[in-house]
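Structure file data04.txt (compact mmCIF, N, CA and C atoms) follows.
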# COMPACT_ATOMS: atom_id res chain seq x y z
N MET A 23 -24.63 90.23 21.73
CA MET A 23 -23.24 90.38 21.36
C MET A 23 -22.86 89.20 20.47
N ASP A 24 -22.17 89.47 19.37
CA ASP A 24 -21.76 88.36 18.52
C ASP A 24 -20.48 87.73 19.07
N SER A 25 -20.14 86.58 18.53
CA SER A 25 -19.02 85.80 19.06
C SER A 25 -17.68 86.51 18.93
N THR A 26 -17.44 87.19 17.83
CA THR A 26 -16.16 87.89 17.69
C THR A 26 -16.05 89.02 18.72
N ASP A 27 -17.16 89.70 18.99
CA ASP A 27 -17.15 90.75 20.02
C ASP A 27 -16.89 90.14 21.40
N LEU A 28 -17.48 89.00 21.69
CA LEU A 28 -17.28 88.32 22.97
C LEU A 28 -15.81 87.96 23.17
N ILE A 29 -15.19 87.37 22.16
CA ILE A 29 -13.80 86.96 22.27
C ILE A 29 -12.89 88.18 22.36
N THR A 30 -13.21 89.22 21.60
CA THR A 30 -12.44 90.46 21.67
C THR A 30 -12.53 91.06 23.07
N ARG A 31 -13.71 91.04 23.66
CA ARG A 31 -13.89 91.54 25.04
C ARG A 31 -13.10 90.70 26.03
N TYR A 32 -13.10 89.37 25.86
CA TYR A 32 -12.34 88.46 26.73
C TYR A 32 -10.85 88.81 26.69
N TYR A 33 -10.29 88.98 25.49
CA TYR A 33 -8.86 89.28 25.38
C TYR A 33 -8.53 90.71 25.83
N ALA A 34 -9.44 91.64 25.68
CA ALA A 34 -9.22 92.99 26.22
C ALA A 34 -9.13 92.94 27.74
N ALA A 35 -9.99 92.14 28.36
CA ALA A 35 -9.92 91.97 29.82
C ALA A 35 -8.60 91.30 30.21
N PHE A 36 -8.16 90.29 29.44
CA PHE A 36 -6.87 89.65 29.71
C PHE A 36 -5.76 90.70 29.70
N ASN A 37 -5.71 91.50 28.64
CA ASN A 37 -4.65 92.51 28.53
C ASN A 37 -4.71 93.56 29.62
N ALA A 38 -5.90 93.79 30.18
CA ALA A 38 -6.06 94.76 31.27
C ALA A 38 -5.78 94.13 32.63
N GLY A 39 -5.52 92.82 32.67
CA GLY A 39 -5.32 92.14 33.95
C GLY A 39 -6.61 92.06 34.75
N ASP A 40 -7.74 92.06 34.05
CA ASP A 40 -9.07 92.10 34.67
C ASP A 40 -9.67 90.70 34.70
N ILE A 41 -9.36 89.94 35.74
CA ILE A 41 -9.86 88.57 35.85
C ILE A 41 -11.39 88.57 35.91
N ASP A 42 -11.99 89.49 36.66
CA ASP A 42 -13.45 89.55 36.72
C ASP A 42 -14.05 89.82 35.34
N GLY A 43 -13.40 90.67 34.56
CA GLY A 43 -13.87 90.95 33.20
C GLY A 43 -13.80 89.72 32.32
N MET A 44 -12.74 88.92 32.49
CA MET A 44 -12.64 87.66 31.74
C MET A 44 -13.76 86.71 32.16
N ILE A 45 -13.95 86.57 33.46
CA ILE A 45 -14.97 85.66 33.99
C ILE A 45 -16.37 86.08 33.55
N ALA A 46 -16.60 87.37 33.38
CA ALA A 46 -17.91 87.85 32.92
C ALA A 46 -18.24 87.32 31.53
N CYS A 47 -17.23 86.90 30.77
CA CYS A 47 -17.43 86.36 29.43
C CYS A 47 -17.68 84.85 29.43
N LEU A 48 -17.52 84.21 30.60
CA LEU A 48 -17.55 82.75 30.68
C LEU A 48 -18.85 82.21 31.24
N ALA A 49 -19.20 81.01 30.79
CA ALA A 49 -20.30 80.27 31.41
C ALA A 49 -19.80 79.75 32.77
N PRO A 50 -20.69 79.58 33.74
CA PRO A 50 -20.26 79.11 35.06
C PRO A 50 -19.52 77.77 35.04
N ASP A 51 -19.85 76.91 34.08
CA ASP A 51 -19.21 75.58 34.00
C ASP A 51 -18.14 75.53 32.91
N ILE A 52 -17.46 76.65 32.69
CA ILE A 52 -16.41 76.74 31.66
C ILE A 52 -15.46 75.54 31.75
N ALA A 53 -15.09 75.00 30.60
CA ALA A 53 -14.05 73.97 30.52
C ALA A 53 -12.82 74.65 29.94
N HIS A 54 -11.80 74.80 30.76
CA HIS A 54 -10.59 75.53 30.38
C HIS A 54 -9.46 74.53 30.14
N HIS A 55 -9.13 74.31 28.88
CA HIS A 55 -8.08 73.38 28.47
C HIS A 55 -6.79 74.18 28.31
N VAL A 56 -5.86 73.99 29.23
CA VAL A 56 -4.61 74.73 29.22
C VAL A 56 -3.57 73.94 28.46
N ASN A 57 -2.75 74.63 27.66
CA ASN A 57 -1.65 73.98 26.94
C ASN A 57 -0.79 73.18 27.92
N GLU A 58 -0.58 71.90 27.64
CA GLU A 58 0.28 71.04 28.46
C GLU A 58 -0.22 70.92 29.90
N GLY A 59 -1.52 71.10 30.14
CA GLY A 59 -2.03 71.04 31.50
C GLY A 59 -3.35 70.31 31.56
N GLN A 60 -3.89 70.27 32.74
CA GLN A 60 -5.17 69.59 32.95
C GLN A 60 -6.33 70.52 32.63
N ILE A 61 -7.48 69.92 32.36
CA ILE A 61 -8.70 70.70 32.12
C ILE A 61 -9.20 71.21 33.46
N ARG A 62 -9.48 72.49 33.51
CA ARG A 62 -10.06 73.10 34.71
C ARG A 62 -11.52 73.39 34.40
N THR A 63 -12.40 73.06 35.32
CA THR A 63 -13.83 73.25 35.09
C THR A 63 -14.39 74.24 36.11
N GLY A 64 -15.13 75.20 35.60
CA GLY A 64 -15.81 76.18 36.45
C GLY A 64 -15.01 77.46 36.63
N THR A 65 -15.74 78.52 36.97
CA THR A 65 -15.10 79.83 37.10
C THR A 65 -14.19 79.94 38.32
N ASP A 66 -14.44 79.17 39.38
CA ASP A 66 -13.54 79.20 40.53
C ASP A 66 -12.17 78.66 40.15
N ALA A 67 -12.14 77.55 39.42
CA ALA A 67 -10.87 76.97 38.97
C ALA A 67 -10.19 77.92 37.98
N PHE A 68 -10.96 78.57 37.13
CA PHE A 68 -10.40 79.53 36.18
C PHE A 68 -9.76 80.70 36.93
N ARG A 69 -10.45 81.23 37.93
CA ARG A 69 -9.92 82.34 38.73
C ARG A 69 -8.62 81.93 39.42
N ALA A 70 -8.59 80.74 40.01
CA ALA A 70 -7.38 80.26 40.70
C ALA A 70 -6.21 80.16 39.72
N PHE A 71 -6.48 79.65 38.52
CA PHE A 71 -5.44 79.56 37.50
C PHE A 71 -4.92 80.95 37.14
N CYS A 72 -5.81 81.89 36.88
CA CYS A 72 -5.39 83.24 36.50
C CYS A 72 -4.58 83.91 37.62
N THR A 73 -4.99 83.73 38.86
CA THR A 73 -4.28 84.31 39.99
C THR A 73 -2.87 83.74 40.09
N TYR A 74 -2.74 82.43 39.90
CA TYR A 74 -1.43 81.79 39.91
C TYR A 74 -0.56 82.32 38.77
N MET A 75 -1.14 82.41 37.58
CA MET A 75 -0.40 82.88 36.41
C MET A 75 0.11 84.31 36.60
N GLU A 76 -0.69 85.17 37.26
CA GLU A 76 -0.27 86.55 37.50
C GLU A 76 0.98 86.62 38.37
N ARG A 77 1.17 85.65 39.27
CA ARG A 77 2.37 85.63 40.11
C ARG A 77 3.61 85.26 39.30
N CYS A 78 3.45 84.37 38.34
CA CYS A 78 4.59 83.84 37.59
C CYS A 78 4.91 84.61 36.30
N TYR A 79 3.91 85.24 35.72
CA TYR A 79 4.08 85.85 34.39
C TYR A 79 3.35 87.18 34.31
N THR A 80 3.89 88.07 33.49
CA THR A 80 3.11 89.22 33.04
C THR A 80 3.09 89.13 31.53
N GLU A 81 1.90 89.24 30.95
CA GLU A 81 1.77 89.03 29.51
C GLU A 81 0.81 90.04 28.90
N GLN A 82 1.13 90.42 27.68
CA GLN A 82 0.26 91.24 26.84
C GLN A 82 0.13 90.53 25.50
N LEU A 83 -1.07 90.50 24.99
CA LEU A 83 -1.33 89.88 23.69
C LEU A 83 -1.43 90.97 22.64
N THR A 84 -0.75 90.74 21.50
CA THR A 84 -0.81 91.69 20.39
C THR A 84 -1.16 90.92 19.12
N ASP A 85 -1.41 91.65 18.06
CA ASP A 85 -1.70 91.06 16.75
C ASP A 85 -2.88 90.09 16.82
N ILE A 86 -3.88 90.41 17.62
CA ILE A 86 -5.02 89.51 17.84
C ILE A 86 -5.94 89.53 16.62
N VAL A 87 -6.22 88.33 16.10
CA VAL A 87 -7.17 88.16 15.02
C VAL A 87 -8.21 87.15 15.49
N VAL A 88 -9.48 87.53 15.46
CA VAL A 88 -10.56 86.66 15.93
C VAL A 88 -11.42 86.23 14.75
N MET A 89 -11.75 84.95 14.70
CA MET A 89 -12.60 84.39 13.65
C MET A 89 -13.73 83.61 14.33
N ALA A 90 -14.88 83.54 13.67
CA ALA A 90 -16.00 82.78 14.24
C ALA A 90 -16.79 82.10 13.13
N THR A 91 -17.44 81.00 13.50
CA THR A 91 -18.31 80.32 12.56
C THR A 91 -19.56 81.19 12.32
N PRO A 92 -20.22 81.01 11.19
CA PRO A 92 -21.41 81.82 10.90
C PRO A 92 -22.50 81.70 11.98
N ASP A 93 -22.62 80.53 12.60
CA ASP A 93 -23.67 80.38 13.62
C ASP A 93 -23.23 80.87 15.01
N GLY A 94 -21.96 81.28 15.14
CA GLY A 94 -21.48 81.86 16.39
C GLY A 94 -21.19 80.88 17.51
N THR A 95 -21.24 79.58 17.25
CA THR A 95 -21.02 78.60 18.32
C THR A 95 -19.55 78.24 18.51
N ARG A 96 -18.72 78.60 17.55
CA ARG A 96 -17.28 78.33 17.64
C ARG A 96 -16.54 79.58 17.21
N ALA A 97 -15.39 79.78 17.86
CA ALA A 97 -14.53 80.90 17.48
C ALA A 97 -13.08 80.51 17.72
N ALA A 98 -12.20 81.25 17.10
CA ALA A 98 -10.77 81.03 17.28
C ALA A 98 -10.08 82.38 17.24
N ALA A 99 -8.92 82.44 17.87
CA ALA A 99 -8.12 83.66 17.85
C ALA A 99 -6.65 83.28 17.70
N GLU A 100 -5.95 84.08 16.94
CA GLU A 100 -4.51 83.93 16.79
C GLU A 100 -3.89 85.22 17.30
N PHE A 101 -2.76 85.12 18.01
CA PHE A 101 -2.16 86.30 18.61
C PHE A 101 -0.71 86.04 18.94
N THR A 102 -0.03 87.09 19.36
CA THR A 102 1.35 86.99 19.83
C THR A 102 1.35 87.28 21.33
N VAL A 103 2.01 86.42 22.09
CA VAL A 103 2.16 86.60 23.54
C VAL A 103 3.50 87.29 23.76
N ASN A 104 3.46 88.44 24.41
CA ASN A 104 4.66 89.18 24.78
C ASN A 104 4.73 89.15 26.30
N GLY A 105 5.71 88.43 26.85
CA GLY A 105 5.68 88.23 28.29
C GLY A 105 7.01 88.38 28.98
N THR A 106 6.91 88.40 30.31
CA THR A 106 8.06 88.38 31.21
C THR A 106 7.81 87.30 32.24
N TYR A 107 8.82 86.48 32.44
CA TYR A 107 8.76 85.36 33.39
C TYR A 107 9.22 85.88 34.75
N LEU A 108 8.29 86.02 35.69
CA LEU A 108 8.54 86.71 36.95
C LEU A 108 8.98 85.79 38.09
N GLN A 109 8.32 84.65 38.22
CA GLN A 109 8.55 83.74 39.34
C GLN A 109 8.54 82.33 38.80
N THR A 110 9.46 81.49 39.26
CA THR A 110 9.59 80.14 38.73
C THR A 110 8.28 79.37 38.87
N ASP A 111 7.84 78.81 37.76
CA ASP A 111 6.66 77.98 37.69
C ASP A 111 7.13 76.53 37.85
N GLU A 112 6.45 75.78 38.69
CA GLU A 112 6.86 74.41 39.03
C GLU A 112 7.12 73.57 37.78
N GLY A 113 8.29 72.93 37.75
CA GLY A 113 8.65 72.04 36.66
C GLY A 113 9.22 72.74 35.43
N LEU A 114 9.38 74.05 35.51
CA LEU A 114 9.88 74.83 34.38
C LEU A 114 11.21 75.49 34.76
N PRO A 115 11.92 76.04 33.79
CA PRO A 115 13.20 76.68 34.10
C PRO A 115 13.05 77.78 35.15
N GLU A 116 14.16 78.14 35.79
CA GLU A 116 14.17 79.18 36.81
C GLU A 116 13.83 80.54 36.19
N ALA A 117 12.99 81.29 36.88
CA ALA A 117 12.62 82.64 36.43
C ALA A 117 13.68 83.64 36.88
N ARG A 118 14.09 84.48 35.93
CA ARG A 118 15.05 85.55 36.21
C ARG A 118 14.64 86.83 35.48
N GLY A 119 13.36 87.00 35.27
CA GLY A 119 12.87 88.17 34.57
C GLY A 119 13.04 88.10 33.06
N GLN A 120 13.18 86.87 32.53
CA GLN A 120 13.35 86.70 31.08
C GLN A 120 12.09 87.16 30.34
N THR A 121 12.32 87.70 29.16
CA THR A 121 11.21 88.07 28.29
C THR A 121 11.07 87.01 27.19
N TYR A 122 9.87 86.94 26.64
CA TYR A 122 9.60 85.98 25.57
C TYR A 122 8.53 86.55 24.65
N ARG A 123 8.50 85.99 23.45
CA ARG A 123 7.52 86.39 22.43
C ARG A 123 7.14 85.13 21.68
N LEU A 124 5.87 84.75 21.73
CA LEU A 124 5.39 83.49 21.16
C LEU A 124 4.13 83.67 20.34
N PRO A 125 4.05 82.98 19.21
CA PRO A 125 2.74 82.89 18.55
C PRO A 125 1.87 81.93 19.36
N ALA A 126 0.59 82.22 19.44
CA ALA A 126 -0.31 81.38 20.22
C ALA A 126 -1.72 81.46 19.64
N GLY A 127 -2.60 80.62 20.17
CA GLY A 127 -3.97 80.63 19.70
C GLY A 127 -4.94 80.16 20.77
N GLY A 128 -6.19 80.49 20.55
CA GLY A 128 -7.25 80.06 21.44
C GLY A 128 -8.43 79.58 20.61
N PHE A 129 -9.07 78.54 21.09
CA PHE A 129 -10.25 77.98 20.43
C PHE A 129 -11.39 77.98 21.43
N PHE A 130 -12.58 78.35 20.97
CA PHE A 130 -13.69 78.60 21.87
C PHE A 130 -14.97 77.92 21.41
N SER A 131 -15.75 77.44 22.38
CA SER A 131 -17.14 77.06 22.16
C SER A 131 -17.98 78.10 22.88
N ILE A 132 -19.12 78.45 22.27
CA ILE A 132 -19.95 79.54 22.80
C ILE A 132 -21.41 79.10 22.79
N GLU A 133 -22.07 79.35 23.91
CA GLU A 133 -23.52 79.11 24.01
C GLU A 133 -24.16 80.23 24.80
N GLY A 134 -25.28 80.71 24.34
CA GLY A 134 -26.02 81.73 25.08
C GLY A 134 -25.23 82.98 25.37
N GLY A 135 -24.32 83.36 24.48
CA GLY A 135 -23.55 84.57 24.67
C GLY A 135 -22.40 84.45 25.66
N ARG A 136 -22.08 83.21 26.08
CA ARG A 136 -20.98 82.98 27.02
C ARG A 136 -20.04 81.92 26.47
N ILE A 137 -18.79 82.03 26.83
CA ILE A 137 -17.78 81.04 26.44
C ILE A 137 -17.93 79.81 27.34
N THR A 138 -18.11 78.64 26.72
CA THR A 138 -18.27 77.40 27.49
C THR A 138 -17.01 76.53 27.47
N ARG A 139 -16.11 76.81 26.51
CA ARG A 139 -14.87 76.03 26.41
C ARG A 139 -13.79 76.92 25.82
N ILE A 140 -12.60 76.86 26.45
CA ILE A 140 -11.41 77.55 25.93
C ILE A 140 -10.30 76.51 25.82
N VAL A 141 -9.67 76.44 24.66
CA VAL A 141 -8.48 75.62 24.46
C VAL A 141 -7.36 76.58 24.06
N THR A 142 -6.31 76.63 24.85
CA THR A 142 -5.19 77.53 24.57
C THR A 142 -4.02 76.71 24.06
N TYR A 143 -3.34 77.24 23.03
CA TYR A 143 -2.18 76.55 22.49
C TYR A 143 -1.02 77.51 22.26
N TYR A 144 0.16 77.09 22.65
CA TYR A 144 1.42 77.73 22.28
C TYR A 144 2.47 76.64 22.29
N ASN A 145 3.63 76.92 21.71
CA ASN A 145 4.69 75.93 21.62
C ASN A 145 5.55 76.01 22.87
N LEU A 146 5.35 75.07 23.81
CA LEU A 146 6.09 75.07 25.07
C LEU A 146 7.58 74.94 24.86
N ALA A 147 8.01 74.12 23.89
CA ALA A 147 9.45 73.98 23.63
C ALA A 147 10.06 75.31 23.20
N ASP A 148 9.35 76.08 22.40
CA ASP A 148 9.82 77.40 21.98
C ASP A 148 9.96 78.31 23.20
N TRP A 149 8.95 78.31 24.07
CA TRP A 149 8.99 79.15 25.27
C TRP A 149 10.19 78.75 26.14
N ILE A 150 10.38 77.46 26.37
CA ILE A 150 11.50 76.99 27.20
C ILE A 150 12.83 77.41 26.60
N ALA A 151 12.98 77.28 25.28
CA ALA A 151 14.21 77.71 24.62
C ALA A 151 14.45 79.20 24.82
N GLN A 152 13.40 79.99 24.72
CA GLN A 152 13.57 81.44 24.87
C GLN A 152 13.98 81.82 26.30
N VAL A 153 13.32 81.24 27.30
CA VAL A 153 13.65 81.64 28.68
C VAL A 153 14.94 80.98 29.18
N SER A 154 15.36 79.90 28.55
CA SER A 154 16.61 79.24 28.95
C SER A 154 17.82 79.92 28.33
N ALA A 155 17.64 80.60 27.21
CA ALA A 155 18.75 81.23 26.50
C ALA A 155 19.20 82.53 27.15
N ARG A 156 18.41 83.05 28.05
CA ARG A 156 18.71 84.38 28.60
C ARG A 156 19.21 84.29 30.00

Show how you would write the structure in this file as structure tokens.
Amino acid sequence: MDSTDLITRYYAAFNAGDIDGMIACLAPDIAHHVNEGQIRTGTDAFRAFCTYMERCYTEQLTDIVVMATPDGTRAAAEFTVNGTYLQTDEGLPEARGQTYRLPAGGFFSIEGGRITRIVTYYNLADWIAQVSAR
């Protein structure tokens, strides 16, 4: 499988709410760099993060564009996050079912057909402004 197919499969699993499908794309020692958060290492930490996120948010990604280096060791994706804030996330504004729409991106390292590093980026100030205005 080439890198763009791997990343496309990862985001399809995300949109399906399929944590196991996402994990199937990852190396066991995945380094997950979350926007404004700590690095989580390993698939157990990744699963715990995804499970927590499912309680607080429901999200669908649209307008996904995936790019990869010719050697397949690096990839990036740009997309739009369409979400609903379901339950208050610690340190963030109160959740009241607010909706939001954000441009975002992901950066990936790939080895042996598996994702070894994910860096996710979105503008937290934009998200806070959107959920605070409603």

- Message: For region 108-123 of chain A, find every residue with an atom within 7 Å (counting only N, CA and C atoms), except residues of its own chain fewer than 6 positions away, and show them as an MDAnalysis selection string.
- Response: chainID A and resid 77:80 102 149:150 152:154 156

Give as a compact mmCIF listing (two decimals) with N, CA and C atoms, keeping the file's coordinate frame the set of residues within 7 Å of the point (-4.5, 89.6, 20.3), where distances use the file's coordinates and only C-alpha atoms.
# COMPACT_ATOMS: atom_id res chain seq x y z
N TYR A 33 -10.29 88.98 25.49
CA TYR A 33 -8.86 89.28 25.38
C TYR A 33 -8.53 90.71 25.83
N LEU A 83 -1.07 90.50 24.99
CA LEU A 83 -1.33 89.88 23.69
C LEU A 83 -1.43 90.97 22.64
N THR A 84 -0.75 90.74 21.50
CA THR A 84 -0.81 91.69 20.39
C THR A 84 -1.16 90.92 19.12
N ASP A 85 -1.41 91.65 18.06
CA ASP A 85 -1.70 91.06 16.75
C ASP A 85 -2.88 90.09 16.82
N ILE A 86 -3.88 90.41 17.62
CA ILE A 86 -5.02 89.51 17.84
C ILE A 86 -5.94 89.53 16.62
N VAL A 87 -6.22 88.33 16.10
CA VAL A 87 -7.17 88.16 15.02
C VAL A 87 -8.21 87.15 15.49
N GLU A 100 -5.95 84.08 16.94
CA GLU A 100 -4.51 83.93 16.79
C GLU A 100 -3.89 85.22 17.30
N PHE A 101 -2.76 85.12 18.01
CA PHE A 101 -2.16 86.30 18.61
C PHE A 101 -0.71 86.04 18.94
N THR A 102 -0.03 87.09 19.36
CA THR A 102 1.35 86.99 19.83
C THR A 102 1.35 87.28 21.33

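Using only N, CA and C atoms, the nearest neighbour of Thr30 (chain A) within the list A:Val88, A:Asp148, A:Phe129, A:Ile61 is A:Val88.
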
- Task: Give me, please, the distance in Å between atom C of Gly64 (chain A) and CA of Thr26 (chain A), quoted to one decimal.
- Result: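 CA of Thr26 (chain A) lies 21.7 Å from atom C of Gly64 (chain A).
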
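With only C-alpha atoms as the basis for measurement, A:Phe68 is the residue among A:Phe68, A:Ala34, A:Ala155, A:Ile41 that approaches His54 (chain A) most closely.
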
- Can you tell me how far atom C of Thr63 (chain A) sits from atom C of Asp51 (chain A), in Å to one decimal? 5.1 Å

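If you look at atom C of Ala151 (chain A) and atom N of Asn57 (chain A), they are 18.0 Å away from each other.
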
- Restricting the calculation to only N, CA and C atoms, which member of A:Leu146, A:Thr65, A:Phe71, A:Asn104 is positioned closest to Ala53 (chain A)? A:Thr65

Can you write out as a Markdown table which residues of region 29-107 of chain A fall within 6 Å of region 132-138 of chain A, alongside each residue's closest atom pair and its distance in Å to one decimal, counting only N, CA and C atoms and ordering rows by chain and ascending residue number?
| residue | atom | partner | partner_atom | distance |
| --- | --- | --- | --- | --- |
| A:Cys47 | C | A:Ile137 | N | 4.0 |
| A:Leu48 | CA | A:Ile137 | N | 4.1 |
| A:Ala49 | N | A:Ile137 | C | 3.9 |
| A:Asp51 | C | A:Thr138 | C | 5.6 |
| A:Ile52 | CA | A:Thr138 | C | 4.2 |
| A:Ala53 | N | A:Thr138 | C | 4.0 |
| A:Gly94 | C | A:Ile132 | C | 5.6 |
| A:Thr95 | C | A:Ile132 | N | 3.8 |
| A:Arg96 | N | A:Ile132 | N | 4.7 |
| A:Ala97 | N | A:Ile132 | N | 5.9 |

Deliver the residues from the most recent selection as a file, using N, CA and C atoms, as a compact mmCIF listing (two decimals), in the frame of the given file.
# COMPACT_ATOMS: atom_id res chain seq x y z
N CYS A 47 -17.23 86.90 30.77
CA CYS A 47 -17.43 86.36 29.43
C CYS A 47 -17.68 84.85 29.43
N LEU A 48 -17.52 84.21 30.60
CA LEU A 48 -17.55 82.75 30.68
C LEU A 48 -18.85 82.21 31.24
N ALA A 49 -19.20 81.01 30.79
CA ALA A 49 -20.30 80.27 31.41
C ALA A 49 -19.80 79.75 32.77
N ASP A 51 -19.85 76.91 34.08
CA ASP A 51 -19.21 75.58 34.00
C ASP A 51 -18.14 75.53 32.91
N ILE A 52 -17.46 76.65 32.69
CA ILE A 52 -16.41 76.74 31.66
C ILE A 52 -15.46 75.54 31.75
N ALA A 53 -15.09 75.00 30.60
CA ALA A 53 -14.05 73.97 30.52
C ALA A 53 -12.82 74.65 29.94
N GLY A 94 -21.96 81.28 15.14
CA GLY A 94 -21.48 81.86 16.39
C GLY A 94 -21.19 80.88 17.51
N THR A 95 -21.24 79.58 17.25
CA THR A 95 -21.02 78.60 18.32
C THR A 95 -19.55 78.24 18.51
N ARG A 96 -18.72 78.60 17.55
CA ARG A 96 -17.28 78.33 17.64
C ARG A 96 -16.54 79.58 17.21
N ALA A 97 -15.39 79.78 17.86
CA ALA A 97 -14.53 80.90 17.48
C ALA A 97 -13.08 80.51 17.72

- Item | Nearest residue to Ala90 (chain A) from the set A:Ile140, A:Ala35, A:Ser25, A:Tyr74 (distances using all atoms listed in the file) | A:Ser25

- Task: List every residue of region 24-78 of chain A that DSSP, applied to the backbone of this structure, places in helix (DSSP H, G or I), and write the result as a ChimeraX atom specification.
- Result: /A:25-37,41-45,65-78
